[in-house]
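Worksheet: the structure to be examined is printed underneath.
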Amino acid sequence: MNLPLYLARKIYGGDGAEKQMSRPAVLISTLGVAVGLAVMLISVSVIAGFKQQVRDKIVGFTGHVVVCEPTSVNTYDTQPIRVTDELTAHLSDFSEVKHYQRYAVKPGMIKTDLAFQGMVLKGVGPEYDRSFFRECLVEGEFPQFSDSVSTNKVVISKALATKMNLKLGDKIDTYFVQDNVRARRLQIVGIYRTYFSEFDNLFLFTDLCMVNRLNRWETDQVSGLEVQLHDYDQLEQASYDIGAYLYNKVDSYGHEYCAVNVEQQNPAVFAWLEVLNVNIWVILALMIGIAGFTMISGLLIIIIERTSLIGTLKSFGANNGQIRRVFLWLSVFLIGRGMLWGNIIGLAFYFIQRWWGLIPLPDPETYYMDTVPVSLSVLYFILLNVGTLLISVLMLIGPSYIISKVNPATSMRYE
């Protein structure tokens with residue numbers, strides 16, 4: 001029989017005055033662990049959710065990996081590459097690749113009677129994955145654009161529509177400079193909003209055919225291929241594999257190929273997202289520290305209140321190690337209760353915010369979203385719980401040695 005565990009259960013499950021004697025210490029200890037774990041769960045879920053949403057929005061605009069001409073990286077004045085059946089067949093052979101789609105871009109300007117605005121016209125073909133923009137649509141539709149005819153339809157952002165005082169169904173005049181000025185009149189058929197101002201204030205979407213004609217390219221030439229992956233965690237490996245295949249390859253027009261991933265295209269944004277990891281570690285350290293120190297305080301109070309019990313056990317032959325294990329087991333029970341309430345509070349916040357988005361953000365343009373985002377994997381949930389339990393118990397081992405200072409004879413004064 002495990003005597004320390006048995007005694008800890010008896011003390012923890014005691015009734016009446018025996019149990020009420022340590023109630024303040026128990027409440028403080030339980031509350032400290034509950035608040036600490038709840039704050040950790042909420043903080044991790046919010047930061048992880050924010051990182052995931054920002055990352056997903058950038059990927060929605062650019063794909064995970066872009067195949068393009070080397071001088072076209074990080075510029076909208078692009079050089080074309082030729083898309084061949086051989087190239088697309090090899091891309092399909094990579095296990096990481098889920099989908100690929102052609103695109104072409106052309107910098108230009110929107111002009112109305114009252115204002116003008118610089119923009120980038122992005123042409124996409126019928127194979128373009130519209131799922132991301134369908135989720136972001138606020139009005140109209142995101143049609144299946146063509147690579148063979150110009151429909152003169154365009155999808156713009158809510159930010160641009162507001163700036164230019166435009167609405168669904170309006171016709172806009174766009175101007176492009178290349179040797180001379182050329183104009184195109186386009187009709188707004190959809191309005192999207194991602195709150196990602198760097199892209200919302202820039203991109204209009206239309207037919208790939210139109211942009212190719214504006215660029216005076218052949219039908220098999222585009223600015224690049226956006227490659228979508230099955231899993232973001234495969235980004236580094238996929239970038240290496242695709243880049244290795246394209247190394248030193250030149251198309252029939254004399255243009256080279258290269259592969260650049262989304263993190264290489266947007267280094268400042270992803271460096272900023274990595275800094276958020278520091279915030280997570282600081283919060284975890286502070287909350288575990290708070291939970292641990294409240295448990296230490298509670299344990300010391302319980303030990304003082306149970307001095308007579310310690311003396312009695314010693315007089316019956318129990319050694320310091322056995323008595324220490326009694327109080328460590330008692331601490332585990334108290335930590336477990338606190339963790340239960342911490343999980344209830346943290347998970348309640350997570351599911352309420354995920355399903356209903358009750359907590360809004362004051363400035364969506366600054367935070368790139370309109371409500372507080374949350375994301376919590378099962379792995380993070382388990383690690384937080386296991387880590388909280390282990391670290392809290394380890395922090396109690398040192399203070400538990402105070403039991404060795406209790407003298408059986410002196411302890412009788414507490415009777």
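Just remember, in the structure tokens the first chain shown is A, the second B, etc., residues are 1-based per chain, and ligands are 1-based in the order shown.
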Identify, on the basis of only C-alpha atoms, every residue whose closest approach to Asn248 in chain A does not exceed 10 Å; exclude the query and any residue fewer than 5 positions from it along the same chain; express the result as a list in words. Gly243, Glu256, Tyr257 and Cys258 of chain A
Write to file, as a PDB file, in the first residue's frame, the residues of the selection just made, with C-alpha atoms.
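Result file is selection-v6.pdb:
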```pdb
ATOM      1  CA  GLY A 243      14.311  25.295 -56.617  1.00  0.00           C
ATOM      2  CA  GLU A 256      15.405  31.753 -66.340  1.00  0.00           C
ATOM      3  CA  TYR A 257      13.260  30.104 -63.683  1.00  0.00           C
ATOM      4  CA  CYS A 258      13.542  30.405 -59.914  1.00  0.00           C
TER       5      CYS A 258
END
```
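Here CA of Ile359 in chain A and CA of Asn343 in chain A stand 19.6 Å from one another.
Proximity of A:Ile81, A:Val332, A:Ile290, A:Ile188 to Thr219 in chain A, computed with only C-alpha atoms, is greatest for A:Ile81.
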Just the residues within 12 Å of range 379-390 of chain A, please, counting only C-alpha atoms, with nothing from its chain fewer than 3 positions along; format it as JSON, numbers by chain. {"A": [32, 33, 34, 35, 36, 37, 38, 39, 40, 41, 42, 43, 44, 45, 48, 280, 281, 284, 285, 286, 287, 288, 289, 290, 291, 292, 295, 328, 329, 331, 332, 333, 334, 335, 336, 337, 338, 339, 340, 341, 342, 343, 346, 347, 350, 375, 376, 393, 394, 395, 396, 397]}
Counting only C-alpha atoms, which residue out of A:Cys136, A:Val155, A:Ala318, A:Ile301 sits closest to Val124 in chain A? A:Val155
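Using only C-alpha atoms, the protein and nucleic acid residues lying no more than 6 Å from Met210 in chain A, apart from those fewer than 3 places from it along its own chain, are Ser150, Asp207 and Arg213 of chain A.
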With only C-alpha atoms as the counted atoms, please give the residues lying no more than 6 Å from range 95-110 of chain A, apart from itself and same-chain residues fewer than 3 positions off, as a PyMOL selection string. chain A and resi 116-124+128+173-176+222-230
Would you export the selected residues with N, CA and C atoms as a PDB file, in the first residue's frame, please?
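To be explicit, this is the file written out as part.pdb:
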```
ATOM      1  N   PHE A 116      -7.627  59.551 -57.908  1.00  0.00           N
ATOM      2  CA  PHE A 116      -6.896  58.509 -58.623  1.00  0.00           C
ATOM      3  C   PHE A 116      -6.069  57.731 -57.615  1.00  0.00           C
ATOM      4  N   GLN A 117      -5.743  56.487 -57.971  1.00  0.00           N
ATOM      5  CA  GLN A 117      -5.073  55.590 -57.034  1.00  0.00           C
ATOM      6  C   GLN A 117      -4.216  54.591 -57.802  1.00  0.00           C
ATOM      7  N   GLY A 118      -2.956  54.412 -57.366  1.00  0.00           N
ATOM      8  CA  GLY A 118      -2.114  53.384 -57.940  1.00  0.00           C
ATOM      9  C   GLY A 118      -2.586  51.999 -57.531  1.00  0.00           C
ATOM     10  N   MET A 119      -2.372  51.032 -58.409  1.00  0.00           N
ATOM     11  CA  MET A 119      -2.827  49.670 -58.122  1.00  0.00           C
ATOM     12  C   MET A 119      -2.025  48.685 -58.962  1.00  0.00           C
ATOM     13  N   VAL A 120      -2.262  47.387 -58.693  1.00  0.00           N
ATOM     14  CA  VAL A 120      -1.680  46.316 -59.495  1.00  0.00           C
ATOM     15  C   VAL A 120      -2.825  45.440 -59.984  1.00  0.00           C
ATOM     16  N   LEU A 121      -2.938  45.324 -61.293  1.00  0.00           N
ATOM     17  CA  LEU A 121      -3.966  44.470 -61.888  1.00  0.00           C
ATOM     18  C   LEU A 121      -3.397  43.057 -61.993  1.00  0.00           C
ATOM     19  N   LYS A 122      -4.045  42.107 -61.339  1.00  0.00           N
ATOM     20  CA  LYS A 122      -3.567  40.733 -61.328  1.00  0.00           C
ATOM     21  C   LYS A 122      -4.509  39.869 -62.155  1.00  0.00           C
ATOM     22  N   GLY A 123      -3.976  39.277 -63.198  1.00  0.00           N
ATOM     23  CA  GLY A 123      -4.765  38.396 -64.045  1.00  0.00           C
ATOM     24  C   GLY A 123      -4.607  36.951 -63.640  1.00  0.00           C
ATOM     25  N   VAL A 124      -5.723  36.250 -63.544  1.00  0.00           N
ATOM     26  CA  VAL A 124      -5.701  34.836 -63.163  1.00  0.00           C
ATOM     27  C   VAL A 124      -6.527  34.046 -64.164  1.00  0.00           C
ATOM     28  N   TYR A 128      -7.590  29.071 -61.253  1.00  0.00           N
ATOM     29  CA  TYR A 128      -7.280  29.804 -60.023  1.00  0.00           C
ATOM     30  C   TYR A 128      -8.181  29.333 -58.876  1.00  0.00           C
ATOM     31  N   ASP A 173     -12.212  53.307 -64.863  1.00  0.00           N
ATOM     32  CA  ASP A 173     -11.201  53.506 -65.896  1.00  0.00           C
ATOM     33  C   ASP A 173      -9.830  53.237 -65.310  1.00  0.00           C
ATOM     34  N   THR A 174      -9.094  52.342 -65.947  1.00  0.00           N
ATOM     35  CA  THR A 174      -7.743  52.007 -65.502  1.00  0.00           C
ATOM     36  C   THR A 174      -6.752  52.378 -66.595  1.00  0.00           C
ATOM     37  N   TYR A 175      -5.566  52.813 -66.175  1.00  0.00           N
ATOM     38  CA  TYR A 175      -4.561  53.305 -67.118  1.00  0.00           C
ATOM     39  C   TYR A 175      -3.233  52.604 -66.847  1.00  0.00           C
ATOM     40  N   PHE A 176      -2.537  52.272 -67.945  1.00  0.00           N
ATOM     41  CA  PHE A 176      -1.271  51.547 -67.874  1.00  0.00           C
ATOM     42  C   PHE A 176      -0.269  52.191 -68.809  1.00  0.00           C
ATOM     43  N   VAL A 222       3.566  34.019 -68.606  1.00  0.00           N
ATOM     44  CA  VAL A 222       2.902  34.600 -67.426  1.00  0.00           C
ATOM     45  C   VAL A 222       3.966  35.192 -66.508  1.00  0.00           C
ATOM     46  N   SER A 223       3.507  35.937 -65.496  1.00  0.00           N
ATOM     47  CA  SER A 223       4.458  36.452 -64.503  1.00  0.00           C
ATOM     48  C   SER A 223       5.010  35.331 -63.631  1.00  0.00           C
ATOM     49  N   GLY A 224       4.193  34.300 -63.420  1.00  0.00           N
ATOM     50  CA  GLY A 224       4.674  33.197 -62.600  1.00  0.00           C
ATOM     51  C   GLY A 224       3.587  32.180 -62.310  1.00  0.00           C
ATOM     52  N   LEU A 225       3.973  31.196 -61.525  1.00  0.00           N
ATOM     53  CA  LEU A 225       3.076  30.143 -61.050  1.00  0.00           C
ATOM     54  C   LEU A 225       3.027  30.202 -59.525  1.00  0.00           C
ATOM     55  N   GLU A 226       1.833  30.265 -58.962  1.00  0.00           N
ATOM     56  CA  GLU A 226       1.663  30.168 -57.520  1.00  0.00           C
ATOM     57  C   GLU A 226       1.426  28.704 -57.164  1.00  0.00           C
ATOM     58  N   VAL A 227       2.256  28.181 -56.287  1.00  0.00           N
ATOM     59  CA  VAL A 227       2.183  26.776 -55.904  1.00  0.00           C
ATOM     60  C   VAL A 227       1.630  26.681 -54.489  1.00  0.00           C
ATOM     61  N   GLN A 228       0.571  25.911 -54.323  1.00  0.00           N
ATOM     62  CA  GLN A 228      -0.009  25.664 -53.007  1.00  0.00           C
ATOM     63  C   GLN A 228       0.413  24.280 -52.520  1.00  0.00           C
ATOM     64  N   LEU A 229       0.715  24.186 -51.229  1.00  0.00           N
ATOM     65  CA  LEU A 229       1.188  22.941 -50.636  1.00  0.00           C
ATOM     66  C   LEU A 229       0.097  22.306 -49.772  1.00  0.00           C
ATOM     67  N   HIS A 230       0.261  21.021 -49.529  1.00  0.00           N
ATOM     68  CA  HIS A 230      -0.672  20.316 -48.653  1.00  0.00           C
ATOM     69  C   HIS A 230      -0.546  20.797 -47.214  1.00  0.00           C
TER      70      HIS A 230
END
```
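Between Gln265 in chain A and the residues A:Ile47, A:Val282, A:Asn74, A:Arg82, the shortest atom-to-atom distance, using only C-alpha atoms, involves A:Asn74.
Relative to CA of Val189 in chain A, CA of Leu137 in chain A is found at 10.8 Å.
Residues in contact with Met369 in chain A at 12 Å, where only C-alpha atoms are counted and same-chain residues fewer than 2 positions away are skipped, are listed as Gly49, Phe50, Lys51, Gln52, Gln53, Val54, Asp56, Lys57, Cys136, Arg193, Thr194, Tyr195, Phe196, Ser197, Gly357, Ile359, Pro360, Leu361, Pro362, Asp363, Pro364, Glu365, Thr366, Tyr367, Thr371, Val372, Pro373 and Val374 of chain A.
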Let's have the selection written as a PDB file, in the first residue's frame, with N, CA and C atoms.
```pdb
ATOM      1  N   GLY A  49      -3.380  31.950 -33.099  1.00  0.00           N
ATOM      2  CA  GLY A  49      -4.439  32.307 -34.046  1.00  0.00           C
ATOM      3  C   GLY A  49      -4.077  33.508 -34.877  1.00  0.00           C
ATOM      4  N   PHE A  50      -3.465  34.504 -34.250  1.00  0.00           N
ATOM      5  CA  PHE A  50      -3.045  35.696 -34.987  1.00  0.00           C
ATOM      6  C   PHE A  50      -1.996  35.347 -36.043  1.00  0.00           C
ATOM      7  N   LYS A  51      -0.993  34.561 -35.647  1.00  0.00           N
ATOM      8  CA  LYS A  51       0.046  34.166 -36.593  1.00  0.00           C
ATOM      9  C   LYS A  51      -0.539  33.366 -37.751  1.00  0.00           C
ATOM     10  N   GLN A  52      -1.454  32.460 -37.439  1.00  0.00           N
ATOM     11  CA  GLN A  52      -2.035  31.616 -38.483  1.00  0.00           C
ATOM     12  C   GLN A  52      -2.866  32.446 -39.456  1.00  0.00           C
ATOM     13  N   GLN A  53      -3.653  33.386 -38.957  1.00  0.00           N
ATOM     14  CA  GLN A  53      -4.501  34.176 -39.847  1.00  0.00           C
ATOM     15  C   GLN A  53      -3.678  35.093 -40.737  1.00  0.00           C
ATOM     16  N   VAL A  54      -2.651  35.730 -40.180  1.00  0.00           N
ATOM     17  CA  VAL A  54      -1.789  36.590 -40.995  1.00  0.00           C
ATOM     18  C   VAL A  54      -1.091  35.764 -42.066  1.00  0.00           C
ATOM     19  N   ASP A  56      -2.046  32.859 -43.322  1.00  0.00           N
ATOM     20  CA  ASP A  56      -3.009  32.352 -44.294  1.00  0.00           C
ATOM     21  C   ASP A  56      -3.439  33.438 -45.286  1.00  0.00           C
ATOM     22  N   LYS A  57      -3.514  34.679 -44.831  1.00  0.00           N
ATOM     23  CA  LYS A  57      -3.904  35.762 -45.732  1.00  0.00           C
ATOM     24  C   LYS A  57      -2.807  36.053 -46.752  1.00  0.00           C
ATOM     25  N   CYS A 136     -13.633  35.879 -48.279  1.00  0.00           N
ATOM     26  CA  CYS A 136     -13.391  37.291 -47.976  1.00  0.00           C
ATOM     27  C   CYS A 136     -14.346  38.231 -48.698  1.00  0.00           C
ATOM     28  N   ARG A 193     -12.634  41.830 -48.818  1.00  0.00           N
ATOM     29  CA  ARG A 193     -11.982  42.531 -47.704  1.00  0.00           C
ATOM     30  C   ARG A 193     -11.222  41.520 -46.861  1.00  0.00           C
ATOM     31  N   THR A 194      -9.916  41.686 -46.765  1.00  0.00           N
ATOM     32  CA  THR A 194      -9.090  40.817 -45.925  1.00  0.00           C
ATOM     33  C   THR A 194      -8.521  41.555 -44.718  1.00  0.00           C
ATOM     34  N   TYR A 195      -8.635  42.882 -44.685  1.00  0.00           N
ATOM     35  CA  TYR A 195      -8.060  43.743 -43.658  1.00  0.00           C
ATOM     36  C   TYR A 195      -6.536  43.758 -43.717  1.00  0.00           C
ATOM     37  N   PHE A 196      -5.956  43.115 -44.726  1.00  0.00           N
ATOM     38  CA  PHE A 196      -4.503  43.147 -44.887  1.00  0.00           C
ATOM     39  C   PHE A 196      -4.189  44.303 -45.842  1.00  0.00           C
ATOM     40  N   SER A 197      -3.947  45.482 -45.261  1.00  0.00           N
ATOM     41  CA  SER A 197      -3.916  46.708 -46.053  1.00  0.00           C
ATOM     42  C   SER A 197      -2.831  46.701 -47.119  1.00  0.00           C
ATOM     43  N   GLY A 357     -16.939  34.758 -32.112  1.00  0.00           N
ATOM     44  CA  GLY A 357     -16.124  35.961 -32.283  1.00  0.00           C
ATOM     45  C   GLY A 357     -16.662  37.155 -31.512  1.00  0.00           C
ATOM     46  N   ILE A 359     -15.361  38.956 -29.124  1.00  0.00           N
ATOM     47  CA  ILE A 359     -14.438  40.036 -28.767  1.00  0.00           C
ATOM     48  C   ILE A 359     -13.888  40.663 -30.049  1.00  0.00           C
ATOM     49  N   PRO A 360     -14.289  41.901 -30.379  1.00  0.00           N
ATOM     50  CA  PRO A 360     -13.806  42.544 -31.600  1.00  0.00           C
ATOM     51  C   PRO A 360     -12.463  43.238 -31.367  1.00  0.00           C
ATOM     52  N   LEU A 361     -11.799  43.593 -32.452  1.00  0.00           N
ATOM     53  CA  LEU A 361     -10.575  44.383 -32.390  1.00  0.00           C
ATOM     54  C   LEU A 361     -10.918  45.822 -32.766  1.00  0.00           C
ATOM     55  N   PRO A 362     -10.320  46.808 -32.083  1.00  0.00           N
ATOM     56  CA  PRO A 362     -10.713  48.207 -32.300  1.00  0.00           C
ATOM     57  C   PRO A 362     -10.384  48.749 -33.682  1.00  0.00           C
ATOM     58  N   ASP A 363      -9.268  48.296 -34.268  1.00  0.00           N
ATOM     59  CA  ASP A 363      -8.854  48.821 -35.571  1.00  0.00           C
ATOM     60  C   ASP A 363      -8.441  47.659 -36.470  1.00  0.00           C
ATOM     61  N   PRO A 364      -9.361  47.088 -37.246  1.00  0.00           N
ATOM     62  CA  PRO A 364      -9.040  45.927 -38.089  1.00  0.00           C
ATOM     63  C   PRO A 364      -7.904  46.194 -39.078  1.00  0.00           C
ATOM     64  N   GLU A 365      -7.758  47.427 -39.543  1.00  0.00           N
ATOM     65  CA  GLU A 365      -6.695  47.725 -40.504  1.00  0.00           C
ATOM     66  C   GLU A 365      -5.319  47.583 -39.874  1.00  0.00           C
ATOM     67  N   THR A 366      -5.243  47.806 -38.570  1.00  0.00           N
ATOM     68  CA  THR A 366      -3.964  47.684 -37.858  1.00  0.00           C
ATOM     69  C   THR A 366      -3.650  46.237 -37.517  1.00  0.00           C
ATOM     70  N   TYR A 367      -4.690  45.488 -37.093  1.00  0.00           N
ATOM     71  CA  TYR A 367      -4.493  44.105 -36.640  1.00  0.00           C
ATOM     72  C   TYR A 367      -4.726  43.076 -37.741  1.00  0.00           C
ATOM     73  N   THR A 371     -11.860  40.531 -35.471  1.00  0.00           N
ATOM     74  CA  THR A 371     -12.101  39.935 -34.159  1.00  0.00           C
ATOM     75  C   THR A 371     -10.829  39.247 -33.667  1.00  0.00           C
ATOM     76  N   VAL A 372     -10.773  39.024 -32.349  1.00  0.00           N
ATOM     77  CA  VAL A 372      -9.603  38.348 -31.773  1.00  0.00           C
ATOM     78  C   VAL A 372      -9.530  36.923 -32.305  1.00  0.00           C
ATOM     79  N   PRO A 373      -8.434  36.546 -32.973  1.00  0.00           N
ATOM     80  CA  PRO A 373      -8.325  35.198 -33.542  1.00  0.00           C
ATOM     81  C   PRO A 373      -7.848  34.203 -32.491  1.00  0.00           C
ATOM     82  N   VAL A 374      -8.255  32.962 -32.619  1.00  0.00           N
ATOM     83  CA  VAL A 374      -7.796  31.911 -31.705  1.00  0.00           C
ATOM     84  C   VAL A 374      -7.469  30.652 -32.502  1.00  0.00           C
TER      85      VAL A 374
END
```
Which of range 348-395 of chain A fall in helix (DSSP H, G or I), as a PyMOL selection string: chain A and resi 348-356+364-367+378-395
Taking C-alpha atoms for each residue, export the selection above as a short mmCIF file (atom, residue, chain, number, x, y, z; two decimals), in the first residue's frame.
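As written to disk, part39.cif reads:
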```
data_model
loop_
_atom_site.label_atom_id
_atom_site.label_comp_id
_atom_site.auth_asym_id
_atom_site.auth_seq_id
_atom_site.Cartn_x
_atom_site.Cartn_y
_atom_site.Cartn_z
CA ALA A 348 -14.61 28.17 -22.72
CA PHE A 349 -12.94 31.36 -23.99
CA TYR A 350 -11.43 29.49 -26.95
CA PHE A 351 -14.65 27.90 -28.19
CA ILE A 352 -16.82 30.98 -27.57
CA GLN A 353 -14.41 33.20 -29.47
CA ARG A 354 -13.87 30.67 -32.26
CA TRP A 355 -17.57 30.06 -32.86
CA TRP A 356 -19.05 33.48 -32.20
CA PRO A 364 -9.04 45.93 -38.09
CA GLU A 365 -6.70 47.72 -40.50
CA THR A 366 -3.96 47.68 -37.86
CA TYR A 367 -4.49 44.11 -36.64
CA VAL A 378 -4.20 19.34 -29.17
CA LEU A 379 -0.40 19.11 -28.86
CA TYR A 380 -0.10 22.61 -27.37
CA PHE A 381 -2.99 21.88 -25.00
CA ILE A 382 -1.35 18.70 -23.71
CA LEU A 383 2.10 20.31 -23.41
CA LEU A 384 0.71 23.25 -21.42
CA ASN A 385 -1.07 20.96 -18.98
CA VAL A 386 1.80 18.51 -18.54
CA GLY A 387 4.33 21.36 -18.27
CA THR A 388 2.24 23.20 -15.66
CA LEU A 389 1.86 20.08 -13.53
CA LEU A 390 5.53 19.06 -13.70
CA ILE A 391 7.01 22.51 -13.12
CA SER A 392 4.60 23.28 -10.26
CA VAL A 393 5.45 20.01 -8.49
CA LEU A 394 9.19 20.50 -9.04
CA MET A 395 8.97 23.98 -7.53
#
```
Check the smallest atom-to-atom distance from each of A:Ser400, A:Asn215, A:Ser157, A:Ser92 to Gly298 in chain A using only C-alpha atoms, then report the winner. A:Ser400
Among listed residues A:Lys163, A:Lys111, A:His90, A:Lys153, nearest Asp241 in chain A (using only C-alpha atoms): A:His90
Excluding Ile402 in chain A and any residue of its chain fewer than 5 positions from it, enumerate the residues within 9 Å of it, using only C-alpha atoms, and give them as a VMD selection string. chain A and resid 300 303 324
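Straight-line separation from CA of Val67 in chain A to CA of Thr88 in chain A: 10.8 Å.
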Quick one: DSSP strand (DSSP E or B) residues in range 234-369 of chain A, as number ranges by chain? A: 250, 256, 258-261, 360
